[in-house]
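*Asks:* For reference, the structure I am asking about is given below.
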Amino acid sequence: MKSNENTSLPNWFQSLKPEGPLVISGPCSAETKSQVLETAKRLNTGKTHLYRAGIWKPRTRPGNFEGVGAIGLEWLKEAKAQTGLKTTTEVASPLHVELALEADIDVLWVGARTTVNPFVVQDIANALKGTDKIVFIKNPVNPDLSLWMGAFERFEKNGLSRLAAIHRGFSVYERTKYRNNPKWQVAIDFMQRMPQTPMILDPSHMGGKRALIEDLCQLGLDLNYAGFMIESHINPDEAWSDAAQQITPETLEGILDRLVIRKSSDNTEEYVMKLSQLRSQIDELDDSLVETLGNRMQIVEAIGRLKKEKNVAVLQPQRWKSVLEKFIRAGNAANLSRDFTKNMFRAIHQESIQHQEKVLKK
Ligand code: PEP
Ligand code: MN
């Protein structure tokens, strides 16, 4: 993996690793002492900077393995003593915090099922008050940017400033390619609103399958993510939790070697000039898109007035169906995906209906 430093990241974050993205890896769950020690040993080649293992596991349904509990903290301590790797585990209550602090776990993370609950987040933030612990906060299971940012604010208000975000995707009811829908825009909006906060990608819980991890990591790098949390196991198929998404330490190493880190920018005159030329073309097209849409709405309103005069309903399902089909074909010819064309025209249609309704109500 070729590295290129992202200089806008805070010092405390940079000091967790020599250069390039932060790599957090280790098993979904600590299962046995020997599994925890062996995984740490095999990860300790210099490419992993922080060793993770879940001790208390938030499982969606009861009756599954719910973690080994506090004994796992001793195993993590020993793994650190043997390898020198810093450690991290998930905390979901003040008691977890107390025990993890006692065991000198270096970094704590708040899981997706905890970030959704402001009461619990507040309890955890209160339990950490007065420490300068590093805390990573996963996105809540639902795509709610304010809820995610709110969790950061609760820690900041208690004096904790060494915070990073982990993007692990969002729950959906439908079966999709991903275990958790990425909804990249939520993380991109987060990065824009909180530019000082490092954003880490968790391709394991996002993808839910080994085969998706590498592509997700590359996309994460291309989107300027500051690191990865990737689950690894000495015998992934036999893992007690999240077996389908865990990879061996050696597979992880291969993936990290193949990733390409692109520069966040380039200062050559040629690049700057070409980019600004292309961007000005985009700006022009965007302006004309908005103008065209505005014109379209004026015509829509004229149709609304006509409908009002003749007392005709706003929604004309046949017309809408034929317009949509025509645009999906045209979109296809213009190299636009079916989904994109459909979503875009649904949004335009929705806006048109609102404009016509306004006219009808007048
Ligand atoms: C985990 O990291 O093992 C975990 C439970 O993750 P999440 O909170 O993203 O589901
Ligand atoms: Mn897991």
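Numbering starts fresh at 1 for the residues of each chain in the structure tokens, the chains themselves are lettered A, B, ... in the order given, and ligands are numbered from 1 as they appear.
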Pick out the residues sitting within 8 Å of Leu73 (chain A), and hand them over as JSON, numbers by chain; count only C-alpha atoms, and ignore anything fewer than 6 positions along from it in its own chain.
*Replies:* {"A": [55, 100, 103, 105]}
*Asks:* With N, CA and C atoms retained, could you export that selection as an mmCIF file, in the first residue's frame?
*Replies:*
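Heads up, here's the output in part37.cif:
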```
data_model
loop_
_atom_site.group_PDB
_atom_site.id
_atom_site.type_symbol
_atom_site.label_atom_id
_atom_site.label_comp_id
_atom_site.auth_asym_id
_atom_site.auth_seq_id
_atom_site.Cartn_x
_atom_site.Cartn_y
_atom_site.Cartn_z
ATOM 1 N N ILE A 55 -15.967 -7.868 23.387
ATOM 2 C CA ILE A 55 -16.022 -8.627 24.642
ATOM 3 C C ILE A 55 -17.486 -8.826 25.030
ATOM 4 N N ALA A 100 -13.191 -1.488 31.214
ATOM 5 C CA ALA A 100 -12.224 -1.280 30.128
ATOM 6 C C ALA A 100 -11.129 -0.312 30.558
ATOM 7 N N ALA A 103 -8.726 -2.117 32.726
ATOM 8 C CA ALA A 103 -7.870 -3.037 31.964
ATOM 9 C C ALA A 103 -6.933 -2.281 31.024
ATOM 10 N N ILE A 105 -7.519 -0.547 28.318
ATOM 11 C CA ILE A 105 -7.796 -0.643 26.880
ATOM 12 C C ILE A 105 -7.533 0.742 26.282
#
```
*Asks:* Within 12 Å of ligand 2, counting only C-alpha atoms and all ligand atoms: which residues, as a ChimeraX atom specification?
*Replies:* /A:25-30,52-60,65-67,89-90,111-112,168,179,202-209,229-233,236,239-247
*Asks:* With distances taken over only C-alpha atoms and all ligand atoms, which residue among A:Ser161, A:Asn180, A:Thr32, A:Gln82 lies nearest ligand 1?
*Replies:*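 Nearest to ligand 1: A:Asn180.
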*Asks:* Show me, as a CSV table (one decimal) with all heavy atoms, in the first residue's frame, the residues that have an atom within 12 Å of Ala81 (chain A) when counting only C-alpha atoms, minus same-chain residues fewer than 6 positions from it.
*Replies:*
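Okay, around_35.csv is ready:
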```csv
chain,number,residue,atom,x,y,z
A,37,LEU,N,-4.9,-14.4,21.4
A,37,LEU,CA,-3.4,-14.2,21.3
A,37,LEU,C,-2.9,-14.6,19.9
A,37,LEU,O,-2.1,-13.9,19.4
A,37,LEU,CB,-2.8,-15.1,22.4
A,37,LEU,CG,-3.1,-14.7,23.8
A,37,LEU,CD1,-2.4,-15.6,24.8
A,37,LEU,CD2,-2.8,-13.3,24.1
A,40,ALA,N,-3.8,-11.9,17.3
A,40,ALA,CA,-2.9,-10.7,17.5
A,40,ALA,C,-1.5,-10.9,16.9
A,40,ALA,O,-0.9,-10.1,16.3
A,40,ALA,CB,-2.8,-10.3,19.0
A,41,LYS,N,-1.0,-12.1,17.2
A,41,LYS,CA,0.3,-12.5,16.7
A,41,LYS,C,0.4,-12.4,15.2
A,41,LYS,O,1.3,-11.9,14.6
A,41,LYS,CB,0.7,-13.9,17.2
A,41,LYS,CG,2.2,-14.2,17.2
A,41,LYS,CD,2.5,-15.5,18.0
A,41,LYS,CE,3.0,-16.5,17.0
A,41,LYS,NZ,3.0,-17.9,17.6
A,74,GLU,N,-8.7,-9.4,30.0
A,74,GLU,CA,-7.4,-9.9,30.4
A,74,GLU,C,-6.7,-10.4,29.2
A,74,GLU,O,-5.5,-10.3,29.1
A,74,GLU,CB,-7.6,-11.0,31.4
A,74,GLU,CG,-8.3,-10.6,32.7
A,74,GLU,CD,-7.5,-9.4,33.4
A,74,GLU,OE1,-6.3,-9.5,33.5
A,74,GLU,OE2,-8.2,-8.4,33.8
A,75,TRP,N,-7.4,-11.1,28.3
A,75,TRP,CA,-6.8,-11.6,27.1
A,75,TRP,C,-6.2,-10.5,26.2
A,75,TRP,O,-5.2,-10.6,25.6
A,75,TRP,CB,-7.8,-12.5,26.3
A,75,TRP,CG,-8.4,-13.6,27.1
A,75,TRP,CD1,-8.0,-14.1,28.3
A,75,TRP,CD2,-9.6,-14.3,26.7
A,75,TRP,NE1,-8.8,-15.1,28.7
A,75,TRP,CE2,-9.9,-15.2,27.8
A,75,TRP,CE3,-10.5,-14.2,25.7
A,75,TRP,CZ2,-11.0,-16.1,27.8
A,75,TRP,CZ3,-11.6,-15.1,25.7
A,75,TRP,CH2,-11.8,-16.0,26.7
A,87,THR,N,-5.0,-1.7,21.9
A,87,THR,CA,-6.2,-2.5,21.9
A,87,THR,C,-7.5,-1.6,21.9
A,87,THR,O,-7.4,-0.4,22.4
A,87,THR,CB,-6.3,-3.4,23.1
A,87,THR,OG1,-6.1,-2.6,24.3
A,87,THR,CG2,-5.2,-4.5,23.1
A,104,ASP,N,-7.0,-0.9,31.1
A,104,ASP,CA,-6.1,-0.1,30.2
A,104,ASP,C,-6.3,-0.4,28.7
A,104,ASP,O,-5.3,-0.4,28.0
A,104,ASP,CB,-4.7,-0.4,30.7
A,104,ASP,CG,-3.8,0.8,30.3
A,104,ASP,OD1,-4.3,1.9,30.2
A,104,ASP,OD2,-2.6,0.6,30.1
A,105,ILE,N,-7.5,-0.5,28.3
A,105,ILE,CA,-7.8,-0.6,26.9
A,105,ILE,C,-7.5,0.7,26.3
A,105,ILE,O,-8.0,1.8,26.9
A,105,ILE,CB,-9.3,-1.1,26.6
A,105,ILE,CG1,-9.5,-2.4,27.3
A,105,ILE,CG2,-9.6,-1.1,25.2
A,105,ILE,CD1,-8.8,-3.6,26.7
```
*Asks:* Suppose you want the space between CA of Glu31 (chain A) and CA of Ile234 (chain A); what is it in Å?
*Replies:*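 Value for the CA of Glu31 (chain A)-CA of Ile234 (chain A) distance: 11.2 Å.
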*Asks:* Calculated over only C-alpha atoms, which of the candidates A:Ala79, A:Val97, A:Ala330, A:Leu219 has the smallest distance to Ile124 (chain A)?
*Replies:* A:Val97
*Asks:* CA of Met344 (chain A) to CA of Leu285 (chain A): how many Å, to one decimal?
*Replies:*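 Going from CA of Met344 (chain A) over to CA of Leu285 (chain A), I get 16.2 Å.
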*Asks:* Check region 157-356 of chain A with DSSP on the backbone and list each residue it calls strand (DSSP E or B), as a list in words.
*Replies:*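 Going through region 157-356 of chain A, the strand (DSSP E or B) residues come out as Leu163, Ala164, Ala165, Ile166, His167, Phe170, Asn181, Met199, Ile200, Leu201, Gly227, Phe228, Met229, Ile230, Glu231, Ser232 and Ile247 of chain A.
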*Asks:* Could you write out the selected residues, including N, CA and C atoms, as a CSV table (one decimal), in the first residue's frame?
*Replies:*
```csv
chain,number,residue,atom,x,y,z
A,163,LEU,N,-11.9,12.1,19.3
A,163,LEU,CA,-13.0,11.3,18.8
A,163,LEU,C,-12.9,11.1,17.3
A,164,ALA,N,-13.3,9.9,16.9
A,164,ALA,CA,-13.3,9.6,15.5
A,164,ALA,C,-14.6,8.9,15.2
A,165,ALA,N,-15.0,9.0,13.9
A,165,ALA,CA,-16.3,8.3,13.5
A,165,ALA,C,-16.0,7.0,12.7
A,166,ILE,N,-16.9,6.1,12.9
A,166,ILE,CA,-16.8,4.9,12.1
A,166,ILE,C,-18.1,4.7,11.3
A,167,HIS,N,-17.9,4.6,10.0
A,167,HIS,CA,-19.1,4.4,9.1
A,167,HIS,C,-19.2,3.0,8.8
A,170,PHE,N,-26.1,1.4,7.2
A,170,PHE,CA,-27.4,1.6,7.9
A,170,PHE,C,-28.3,0.4,7.6
A,181,ASN,N,-26.7,-0.8,4.4
A,181,ASN,CA,-26.7,0.1,3.2
A,181,ASN,C,-25.7,1.2,3.5
A,199,MET,N,-12.7,10.0,9.7
A,199,MET,CA,-13.8,9.1,9.4
A,199,MET,C,-13.1,7.7,9.0
A,200,ILE,N,-13.6,6.7,9.7
A,200,ILE,CA,-13.0,5.4,9.5
A,200,ILE,C,-14.1,4.5,8.8
A,201,LEU,N,-13.7,3.7,7.9
A,201,LEU,CA,-14.7,2.8,7.2
A,201,LEU,C,-14.7,1.4,7.9
A,227,GLY,N,-9.2,5.7,7.7
A,227,GLY,CA,-8.8,4.4,8.1
A,227,GLY,C,-9.9,3.4,8.0
A,228,PHE,N,-9.6,2.1,8.4
A,228,PHE,CA,-10.5,1.0,8.3
A,228,PHE,C,-10.6,0.2,9.6
A,229,MET,N,-11.8,-0.3,9.9
A,229,MET,CA,-11.9,-1.3,10.9
A,229,MET,C,-12.4,-2.6,10.2
A,230,ILE,N,-11.5,-3.6,10.2
A,230,ILE,CA,-11.8,-4.8,9.4
A,230,ILE,C,-11.7,-6.0,10.3
A,231,GLU,N,-12.8,-6.8,10.4
A,231,GLU,CA,-12.7,-8.0,11.2
A,231,GLU,C,-11.9,-9.1,10.7
A,232,SER,N,-11.0,-9.7,11.6
A,232,SER,CA,-10.2,-10.8,11.1
A,232,SER,C,-10.2,-11.9,12.2
A,247,ILE,N,-12.1,-12.3,7.8
A,247,ILE,CA,-11.0,-12.8,6.9
A,247,ILE,C,-9.8,-13.1,7.8
```
*Asks:* Smallest atom-to-atom distance to Lys80 (chain A): which of A:Leu43, A:Thr115, A:Thr292, A:Asp215, using only C-alpha atoms?
*Replies:*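 For Lys80 (chain A), the nearest of the given residues is A:Leu43.
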*Asks:* Excluding region 356-361 of chain A and its own-chain neighbours fewer than 6 positions away, which residues fall within 8 Å of it when counting only C-alpha atoms? Please give them as an NGL selection string.
*Replies:* :A and (300-301 or 303-305 or 308 or 314)
